[in-house]
Amino acid sequence: MKRISLIVTATLMIAALSNGRVLAQVRPATAGQDTLVQGGAPVATFKSAVDLVRVSAVVRDRKGRFVRDLDARDFHVLDDGHSRPIADFKHDLAGVSVAILFDVSGSMEARFVKAREAATHMLGWLDRQRDEAAVFAFDTRLSQLTPFTVGLPTLPQELDLLSPFGATGLHDAIAQTARRLDGREGRRRAVVVLTDGVDNASRLSSSEVSGIASAIDVPVYVIGIVPSIDNPAAESSVPSAARSALVGSLADLAEWTGGHSFVASTPGERNAVARQIVDELRHQYLIAFESSGKPGWHPLVVRARDKDLTVRARSGYFAGQSRPTSH
């Protein structure tokens, strides 16, 4: 079986997709922090060496139930429209690796307790013997509060000292946190974001969000922490809820990475969403195939050969020794 080798070393900038300006640059701040600031170079590049491309996939049947016990012969991979043979396939992995990302900007002040509740449920559904979690927080800076720890029992005490304040660099923080998972090989990996969806300091437009999402090789799950009136699925919701980023650009970001966006307004919903995310990660298949080696962006489609099954996986990858993030 070929060894999966996917080495992605990002430069410290995320470039704009639509107009060529750099939108966010990550610079070290104090220990455990990255500052989200605007840079000035026209195009940022990423270097990679791709032998095999790895894709995490979740499969459901028509009733929405997870499908177990598939093998490589049950999948069809289309790389830029061309069928690729599956070179490696795994279902039994060591465990789950989750980066829990708290929005602690000013708009979360009245919602932070509920975000903590959702994260506590998340830890409760993880396996204490094999699953690991790390905790991050952001406003315009990304801070690591707890490193990746197997069997993390509780949220860190540092959260008690945080008072939500300031502007929000949401999209930049998601991209940075995803890179922190790059070395967590052999596990089912994900970023879980707890936010109200407000981004009042974003450097990224909707199309740029999609571009970042396409380059992240781990699923991003968004849990919207909002009251029922701002929950598009609630009967009491106001019309503006349907225009929320939680069902717009953030939902696109999640879907493009193979994750999903949820809105949770009640304690029961927050517990159910946490459980669903962990269940999805437990049912991930890990599929690897050889890239054509053609530099640039490769649209990617993973299908089940059984047409009654639905596969969710990331939508593409970059190949080549040097690739710009702008299109």
# chains A, B, ... in the order shown; residues from 1 in each chain; ligands from 1
>>> residues_around(residues="A:Val311", least_positions_apart="5", cutoff="7 Å", atoms="only C-alpha atoms", output="mmCIF file with C-alpha atoms, in the first residue's frame")
data_model
loop_
_atom_site.group_PDB
_atom_site.id
_atom_site.type_symbol
_atom_site.label_atom_id
_atom_site.label_comp_id
_atom_site.auth_asym_id
_atom_site.auth_seq_id
_atom_site.Cartn_x
_atom_site.Cartn_y
_atom_site.Cartn_z
ATOM 1 C CA ALA A 57 -15.412 11.430 2.807
ATOM 2 C CA VAL A 58 -18.671 10.799 4.670
ATOM 3 C CA VAL A 59 -21.339 8.588 3.072
ATOM 4 C CA ARG A 60 -25.077 8.550 3.822
ATOM 5 C CA VAL A 302 -16.001 11.749 -5.001
ATOM 6 C CA ARG A 303 -19.019 9.560 -5.725
ATOM 7 C CA ALA A 304 -20.369 6.255 -4.503
#
>>> atom_distance(atom1="atom CA of A:Val263", atom2="atom CA of A:Asn231")
6.3 Å
>>> residues_around(residues="stretch 189-194 of chain A", least_positions_apart="6", cutoff="7 Å", atoms="only C-alpha atoms", output="PyMOL selection string")
chain A and resi 96-103+115+178+218-225
>>> select_by_dssp(residues="stretch 96-293 of chain A", states="alpha helix (DSSP H)", output="ChimeraX atom specification")
/A:112-125,170-180,206-215,249-256,267-282
>>> residues_around(residues="stretch 284-290 of chain A", least_positions_apart="2", cutoff="6 Å", atoms="only C-alpha atoms", output="PyMOL selection string")
chain A and resi 52-58+86-91+281-282
>>> write_last_selection(atoms="C-alpha atoms", output="JSON list (two decimals), in the first residue's frame")
[["chain", "number", "residue", "atom", "x", "y", "z"],
["A", 52, "LEU", "CA", -0.95, 11.10, -3.20],
["A", 53, "VAL", "CA", -3.95, 13.33, -2.61],
["A", 54, "ARG", "CA", -5.91, 12.44, 0.52],
["A", 55, "VAL", "CA", -9.64, 13.06, 0.77],
["A", 56, "SER", "CA", -11.90, 12.49, 3.78],
["A", 57, "ALA", "CA", -15.41, 11.43, 2.81],
["A", 58, "VAL", "CA", -18.67, 10.80, 4.67],
["A", 86, "ILE", "CA", -7.76, 4.75, -5.66],
["A", 87, "ALA", "CA", -4.25, 4.02, -4.41],
["A", 88, "ASP", "CA", -4.94, 3.82, -0.69],
["A", 89, "PHE", "CA", -8.07, 3.47, 1.41],
["A", 90, "LYS", "CA", -8.67, 3.50, 5.17],
["A", 91, "HIS", "CA", -11.66, 3.44, 7.44],
["A", 281, "LEU", "CA", -15.98, 12.14, 11.99],
["A", 282, "ARG", "CA", -16.19, 8.57, 13.26]]
>>> atom_distance(atom1="atom CA of A:Leu162", atom2="atom CA of A:Thr195")
15.0 Å
>>> select_by_dssp(residues="stretch 75-155 of chain A", states="strand (DSSP E or B)", output="count of residues only")
38
>>> closest_residue(among="A:Arg73, A:His121, A:His82, A:Arg270", to="A:Pro299", atoms="only C-alpha atoms")
A:His82
>>> closest_residue(among="A:Pro295, A:Pro227, A:Gly268, A:Gly197", to="A:Ser249", atoms="only C-alpha atoms")
A:Gly197
>>> atom_distance(atom1="atom CA of A:Asp74", atom2="atom CA of A:Asp306")
7.3 Å
>>> closest_atom_pairs(of="stretch 111-135 of chain A", to="stretch 149-155 of chain A", cutoff="6 Å", atoms="only C-alpha atoms", output="CSV")
residue,atom,partner,partner_atom,distance
A:Arg128,CA,A:Gly151,CA,3.8
A:Gln129,CA,A:Gly151,CA,5.9
A:Asp131,CA,A:Val150,CA,5.5
A:Glu132,CA,A:Val150,CA,4.0
A:Ala133,CA,A:Thr149,CA,5.5
